[in-house]
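Here the structure comes first, spelled out in structure tokens, and everything after it is commentary.
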Amino acid sequence: MSSKETREILKESKRYLVQQKDLFGNIIYNDSDMNTTNIIQNNIQTSDEPWAAADSIEALNHSINKCLKCGLGNSRTNFVFGVGNPNADVMFVGEAPGADEDAQGEPFVGRAGQLLNKILAAIEFKREDVYICNILKCRPPGNRDPQPSEMELCTPYLYKQISLIQPKFIICLGRIAAQWLLQTNATLGSLRGKIHNYRGTKLIVTYHPAALLRNPNWKYPAWDDMKMFREEYNKIK
Ligand code: SF4
């Protein structure tokens with residue numbers, strides 16, 4: 001192995017350890033004996049903020065919907081918590097609310113949301129069967145990309161949502177959600193088309209519906225992703 005390769009491995013290892021500490025605190029764990037829920041529960045239990053003790057999705061929403069931890073809290077029209085079945089097998093996670101979502105207080109309600117509903121129908125799910133949310137609960141102005149600092153502050157709420165819902169599948173809609181949850185800089189193209197193990201939960205990456213509206217050619221690979229998901233889901237049913 002060359003010294004350059006060794007440096008790359010050390011750099012990557014350091015990045016991974018820092019990321020794990022950021023996400024999960026001072027918890028050393030073994031993938032083989034801890035699943036997502038365990039890790040998330042451990043992480044959340046270390047928080048002494050009132051929302052961490054929420055025992056239902058409704059209670060969590062109630063305890064965080066006035067959040068002003070980052071600047072987006074001051075510019076939002078509505079807090080956009082999430083919607084759907086609190087016991088869903090499948091959780092869809094996007095990056096942040098857009099203008100329609102900000103106006104209505106519900107994720108994926110604009111044109112992208114309508115397309116998501118059609119995608120769900122094509123794989124024989126109804127919107128109310130699944131749970132839909134974003135990493136950020138407040139809209140970034142002008143629909144700019146979420147900033148890492150905003151995602152760091154907001155992601156604990158998503159972890160808590162995941163720990164309460166305990167989905168069997170997480171489907172990341174778009175590059176930003178996928179890269180953030182998987183903590184990678186890999187391209188969306190290289191992340192989709194496979195089943196990731198997100199700390200014990202199956203995670204699938206596909207295009208954001210808004211991207212499909214901009215580039216309809218991506219609907220074909222997106223459909224492949226959804227078929228792959230449906231086949232995997234059928235195995236557990
Ligand atoms: S985006 Fe998240 S962290 Fe920022 S104010 Fe909204 S809820 Fe709080």
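Ordered as shown in the structure tokens, chains take letters A, B, and onward, while each chain numbers its residues from 1 and ligands are numbered from 1 in the order shown.
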Could you give me, as a list in words, the residues within 12 Å of Leu213 (chain A), counting only C-alpha atoms and dropping anything in the same chain fewer than 4 positions from it?
-> Gly110, Arg111, Ala112, Gly113, Gln114, Leu115, Leu116, Tyr207, His208, Pro209, Asn217, Trp218, Lys219 and Ala222 of chain A
Members of region 49-198 of chain A assigned strand (DSSP E or B) by DSSP, as a list in words |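 Those residues are Val83, Gly84, Val90, Met91, Phe92, Val93, Gly94, Tyr131, Ile132, Cys133, Asn134, Phe169, Ile170, Ile171, Cys172, Leu173, His196, Asn197 and Tyr198 of chain A.
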Polymer residues at most 9 Å from Tyr131 (chain A), only C-alpha atoms, same-chain spacing of 2 or more positions, as a list in words = Gly82, Val83, Gly84, Asn85, Pro86, Asn87, Ala88, Asp89, Val90, Met91, Phe92, Val93, Arg127, Glu128, Asp129, Cys133, Ile165 and Pro167 of chain A
Would you kindly return, as a ChimeraX atom specification, each protein, DNA or RNA residue with an atom no farther than 7 Å from any atom of region 172-186 of chain A, considering only C-alpha atoms and excluding same-chain residues fewer than 2 positions away?
-> /A:92-95,135,170,188,190-191,204-208
With C-alpha atoms kept, could you save the residues just selected as a PDB file, in the first residue's frame?
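Final file, selection-v2.pdb:
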```
ATOM      1  CA  PHE A  92     -39.389   8.967   3.328  1.00  0.00           C
ATOM      2  CA  VAL A  93     -36.850  11.637   4.213  1.00  0.00           C
ATOM      3  CA  GLY A  94     -36.232  14.698   2.093  1.00  0.00           C
ATOM      4  CA  GLU A  95     -33.973  17.637   2.775  1.00  0.00           C
ATOM      5  CA  ILE A 135     -34.095  16.626   7.738  1.00  0.00           C
ATOM      6  CA  ILE A 170     -35.858   4.589   5.166  1.00  0.00           C
ATOM      7  CA  LEU A 188     -26.410  10.206  -5.690  1.00  0.00           C
ATOM      8  CA  SER A 190     -23.347   5.883  -6.762  1.00  0.00           C
ATOM      9  CA  LEU A 191     -25.629   5.679  -3.705  1.00  0.00           C
ATOM     10  CA  ILE A 204     -32.585   3.198  -0.104  1.00  0.00           C
ATOM     11  CA  VAL A 205     -31.549   6.305  -1.987  1.00  0.00           C
ATOM     12  CA  THR A 206     -33.456   7.742  -4.900  1.00  0.00           C
ATOM     13  CA  TYR A 207     -34.057  11.045  -6.647  1.00  0.00           C
ATOM     14  CA  HIS A 208     -35.946  13.880  -5.021  1.00  0.00           C
TER      15      HIS A 208
END
```
Find the residues near region 53-70 of chain A: any atom within 8 Å, counting only C-alpha atoms, skip ones fewer than 3 places away on the same chain, and give them as a ChimeraX atom specification.
-> /A:45,49-50,73-74,79,81,86,150,153,161,164-165
Compile the contact shell of Met228 (chain A) as a list in words: residues with an atom at most 9 Å away, counting only C-alpha atoms, same-chain residues fewer than 2 positions apart removed.
->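 Non-adjacent residues within range: Gly193, Lys194, Ile195, Ile204, Trp223, Asp224, Asp225, Met226, Arg230, Glu231, Glu232 and Tyr233 of chain A.
The coordinates place CA of Thr187 (chain A) at 18.9 Å from CA of Lys202 (chain A).
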What is the distance, in Å and to one decimal place, between CA of Ile236 (chain A) and CA of Lys126 (chain A)?
->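 Separation between CA of Ile236 (chain A) and CA of Lys126 (chain A): 18.2 Å.
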Residues of region 32-193 of chain A in helix (DSSP H, G or I) according to DSSP, as a PyMOL selection string?
-> chain A and resi 36-45+50-53+57-64+72-75+99-104+111-122+127-129+141-143+148-165+175-182+188-191
Within 10 Å of Asp145 (chain A), counting only C-alpha atoms, which residues qualify if same-chain residues fewer than 3 places away don't, as an mmCIF file with C-alpha atoms, in the first residue's frame?
```cif
data_model
loop_
_atom_site.group_PDB
_atom_site.id
_atom_site.type_symbol
_atom_site.label_atom_id
_atom_site.label_comp_id
_atom_site.auth_asym_id
_atom_site.auth_seq_id
_atom_site.Cartn_x
_atom_site.Cartn_y
_atom_site.Cartn_z
ATOM 1 C CA GLU A 95 -33.973 17.637 2.775
ATOM 2 C CA ALA A 96 -36.154 20.603 3.763
ATOM 3 C CA ARG A 139 -37.620 26.248 5.033
ATOM 4 C CA PRO A 140 -34.253 27.616 3.951
ATOM 5 C CA PRO A 141 -34.854 31.014 2.306
ATOM 6 C CA GLY A 142 -35.125 30.869 -1.461
ATOM 7 C CA PRO A 148 -24.435 21.631 7.630
ATOM 8 C CA ILE A 176 -28.633 15.970 0.380
#
```
How many Å lie between CA of Leu136 (chain A) and atom 6 (Fe, counted along the ligand's line) of ligand 1, rounded to one decimal?
->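 It comes out at 6.3 Å.
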